[in-house]
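J.: Pasting in a structure now, in structure tokens, and then I'll have a few things to ask.
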Amino acid sequence: MISDKKRVKGEVLLEIKGLKIEGLSEDVWNPIIKGIDLTLKRGEVLGLIGESGAGKSTLGLAGMGFARPGCRISAGSIVFDGMDLTRLSDAEKRKLWGKRVAYVAQSAAASFNPAHKLIEQYAEAPVWHGVMGTAAAHKQAIDLYGRLRLPAPETIGFRYPHQVSGGQLQRAMTAMAMACRPDLLVFDEPTTALDVTTQIEVLAAIKDVVKQFHTAAIYITHDLAVVAQMADRIMVLRYGELVEEAPTGRMLADPQQAYTKSLWAVRSLRKDEQAGDEVLLRVEHVDASYGGSLKVLEDVSVTVPRGRTVAVVGESGSGKSTLARAITGLLPPTKGSVVFDGKPLPPALKDRSKDLLRRMQMIYQMPDTALNPRRRVRDIIGRPLQHQLGLTGAARDKRVVELLRLIELDERYIDRLPSELSGGQKQRVCIARALAVNPDLIICDEVTSALDQIVAEEILKLLLRLQRELKVSYLYITHDLATVKAIADEIVVMHRGRVVQSGAKSAVLKPPHHPYTDLLLASVPEMRTGWLEEVLARRQPADR
Amino acid sequence: MNTVSAPLRNIKARRTAYQSVVRTLKTAPISAWFGMIVILFYAICAIFAPLIAPYGQAEVIGKAYELSSARSWLGTDQIGRDLLSRMIYGARNTIGIALLTTSFSFVLGGSLGVLAALKRGWLDQGISRVVDAFLAIPVLIFALMLLAVAGRSITNLILILALLDSTRVFRLSRAVALNVVVMDFVESARLRGEGMRWIVFKEIVPNILPPLITEFGLRFCFVFLTISALSFLGVGIQPPTADWGSMVAENKSLITFGRAAPLYPAAAIALLTVAVNFVVDWFLQKTGGLPDDI
């Protein structure tokens, strides 16, 4: 094992100077990173934040001397512990990777080989690099699993990746990256795909080991509250350029640049709740299952008032999306009924009239898969107009342009394909498609969770404006409580297919909470340093 | 307005169809060019056969087994017909029939595949098991058997081969369509109350076209080889219609006399197969990966 003594905290480990990286698209090399300097000392955690496309991941990988296929490092130097990585051959870099520099990817599920046990994959790098034998590696893995607070550290390594949960897998991957006690770890959004309640455990575990081994780390994320917990210093990137760099405390308290300030302001959107007077949708004691005896929904009752927003909150697997499918008729409930505008809805989609379908619309989480990549905006928005309202030709096009204006795009976008739009613009087009036929209810399934925070906030503002103007109701499914605060009038908290708490926003968010609501609320990272430690300190007795 | 928080993305310049074709061709590798030129040459031969060929396909112009001469460039066959003319007509017959067969098999296999992916349940299970049973029997033997039962005619040949080949097309189109039917835009169309035809032809088919086109090229080669093999065995295209498989069979004994006559149709078969594969390879490379890349 490499001794920890030779690691002198404070010594410069990684120094990047004037780095430029270009990416190939359509036969042209476009700049991705436009000249960035970066210094990282041993034992220091550097947070890289910015929107998608800002070059965070590219820069993080460059810290390992790696450029993705289709990218090239065109200028600058990357000096890691005295070696210029830009001049090393691939074979020489391979000797470093996994041993002295390691990488933790966003999706652990996609990064583990499903055919091998966790501990076998853990041992791969140290054995290949000749750091230790298999037996020693297994022993060390168990130690590290314990430090990362994985349950049953002695045995968990002998499971296959599909036999452990997402949060555990992410910690197992962190353990794997730590196997050779690297000097530098690169974390690329390691908790983005996790629920808040799981995220907190992973964050705490990562923070612990990084501290114990004095490992330097680059922590890439778009979540500001997370970076506030993890990093000693923060760099804000935009369009491949450095916007601002400062120690975490100062960066949070006193951001200098307008862009950074706008990032900081994102989570401040609030909506004053209003009670609804007329009930539009009433879900009554609904059970649903995907065949078999396992109920995904059990005795769920939800009421949506006209012109208001009801947020359905819960972690993944709580049955939120199934509720949406039960309402839309894609998965007819096995018990209970759904009443829409005073009349019971036919359970199955095929029994519903065209007009009923028109009045209930849906917006999805991933705008990429919600839009047919082969159809232009004109047809995507125009088709419901034609199919459900019978508009054709010029009248249809005129309405499409009106709708584009409504969602704050304009007629120039009418002939674009989805691939020619940004993520936020795509989601706007999805909203326009739903609005096209003047629905009474729009079911929004995690519509902002695939978007950057700034873009997400714009979408939320748009949804709020549209509700004011058009009096449409939203059933808003989300796991993000910040979004709930921003948009909801009423909240329904779901856990394992059941409603655990529901009511007006202020009532649900005000203590005393249901224990599960409390856990959800307490797990949402706050934008200040030291929050993680406080939460952990509070939970300690219960956890151990 | 803060809509445009990022600078407008670099939009691909709009090109007319002609411009994009020219642009694509310019980047084609030499193997693809070779393939395209060969295919074009074959196509011209096939389409304009009566104009190009010096004699008719069944026209006897001299004695049997004449050597090549100014009158007949490649010599004559066993009953004195011009080999060159029969080669040219052979292109028309063999390629035409193969193309027709492949098209039928795609219409049948493709639509069933998409339908099975969309409907799932017993329909999918039913068709898939029948297809599995078909796939368990070697195509050539099965085709020989069915041709023996149904009788030798070009119509039967086309229908039987199309049926047998459609099983392979079914498997592919079902597999690629399965990836598309789970997309939210298909669900969105369902929630809109769209009919089956719209969902299949407007939402699904455009997104599975690139792999299907590639498969079309490959299946065409296999069908073409199978037809040639059947003709060689005497149950495919019947005399006096010229076709390459039977031409190899009719002239095969000449090889023992050092004559190249059976090699000409054999080479024609091989060359076309190679050429189509070159073009398909290039297309596969161009469209490789995600279907949303144009």
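As shown in the structure tokens, the chain order sets the letters A, B, ...; within each chain, residues go from 1, and ligands are also counted from 1 in the order they appear.
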Would you mind listing, as a VMD selection string, all residues of chain A that have at least one atom within 6 Å of chain B, where only C-alpha atoms are what counts?

T.: chain A and resid 369 to 373

J.: Got time to write the residues from that selection, C-alpha atoms, as a PDB file, in the first residue's frame?

T.:
ATOM      1  CA  THR A 369     -37.340  11.273 -26.287  1.00  0.00           C
ATOM      2  CA  ALA A 370     -40.604  13.183 -26.163  1.00  0.00           C
ATOM      3  CA  LEU A 371     -40.081  14.715 -29.598  1.00  0.00           C
ATOM      4  CA  ASN A 372     -39.871  12.630 -32.750  1.00  0.00           C
ATOM      5  CA  PRO A 373     -36.362  13.413 -34.047  1.00  0.00           C
TER       6      PRO A 373
END

J.: Apply DSSP to the structure's backbone, then extract all residues of segment 215-279 of chain A labelled strand (DSSP E) and return them as a PyMOL selection string.

T.: chain A and resi 216-221+233-238+241-247+279

J.: Find the residues near Asp223 of chain A: any atom within 10 Å, counting only C-alpha atoms, skip ones fewer than 3 places away on the same chain, and give them as a ChimeraX atom specification.

T.: /A:49-51,189,191-192,220,226-228,263,452-453,525,527

J.: Name the residues in contact with Ala43 of chain B at a cut-off of 9 Å, using only C-alpha atoms, excluding same-chain residues fewer than 6 positions from it; report them as JSON, numbers by chain.

T.: {"B": [91, 92, 95]}

J.: Using only N, CA and C atoms, please write the residues we just selected to a file, as a PDB file, in the first residue's frame.

T.:
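As written to disk, out.pdb reads:
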ATOM      1  N   ALA B  91     -28.529  -9.951 -66.388  1.00  0.00           N
ATOM      2  CA  ALA B  91     -28.525  -8.881 -65.387  1.00  0.00           C
ATOM      3  C   ALA B  91     -29.956  -8.446 -65.124  1.00  0.00           C
ATOM      4  N   ARG B  92     -30.686  -8.236 -66.237  1.00  0.00           N
ATOM      5  CA  ARG B  92     -32.059  -7.778 -66.111  1.00  0.00           C
ATOM      6  C   ARG B  92     -32.893  -8.788 -65.311  1.00  0.00           C
ATOM      7  N   ILE B  95     -31.240  -9.607 -61.442  1.00  0.00           N
ATOM      8  CA  ILE B  95     -31.344  -8.469 -60.520  1.00  0.00           C
ATOM      9  C   ILE B  95     -32.793  -8.069 -60.325  1.00  0.00           C
TER      10      ILE B  95
END

J.: So which one's closest to Thr287 of chain B, B:Leu209, B:Ile61, B:Ala266, B:Ala275? Using only C-alpha atoms, please.

T.: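 Result for the nearest residue to Thr287 of chain B: B:Leu209.
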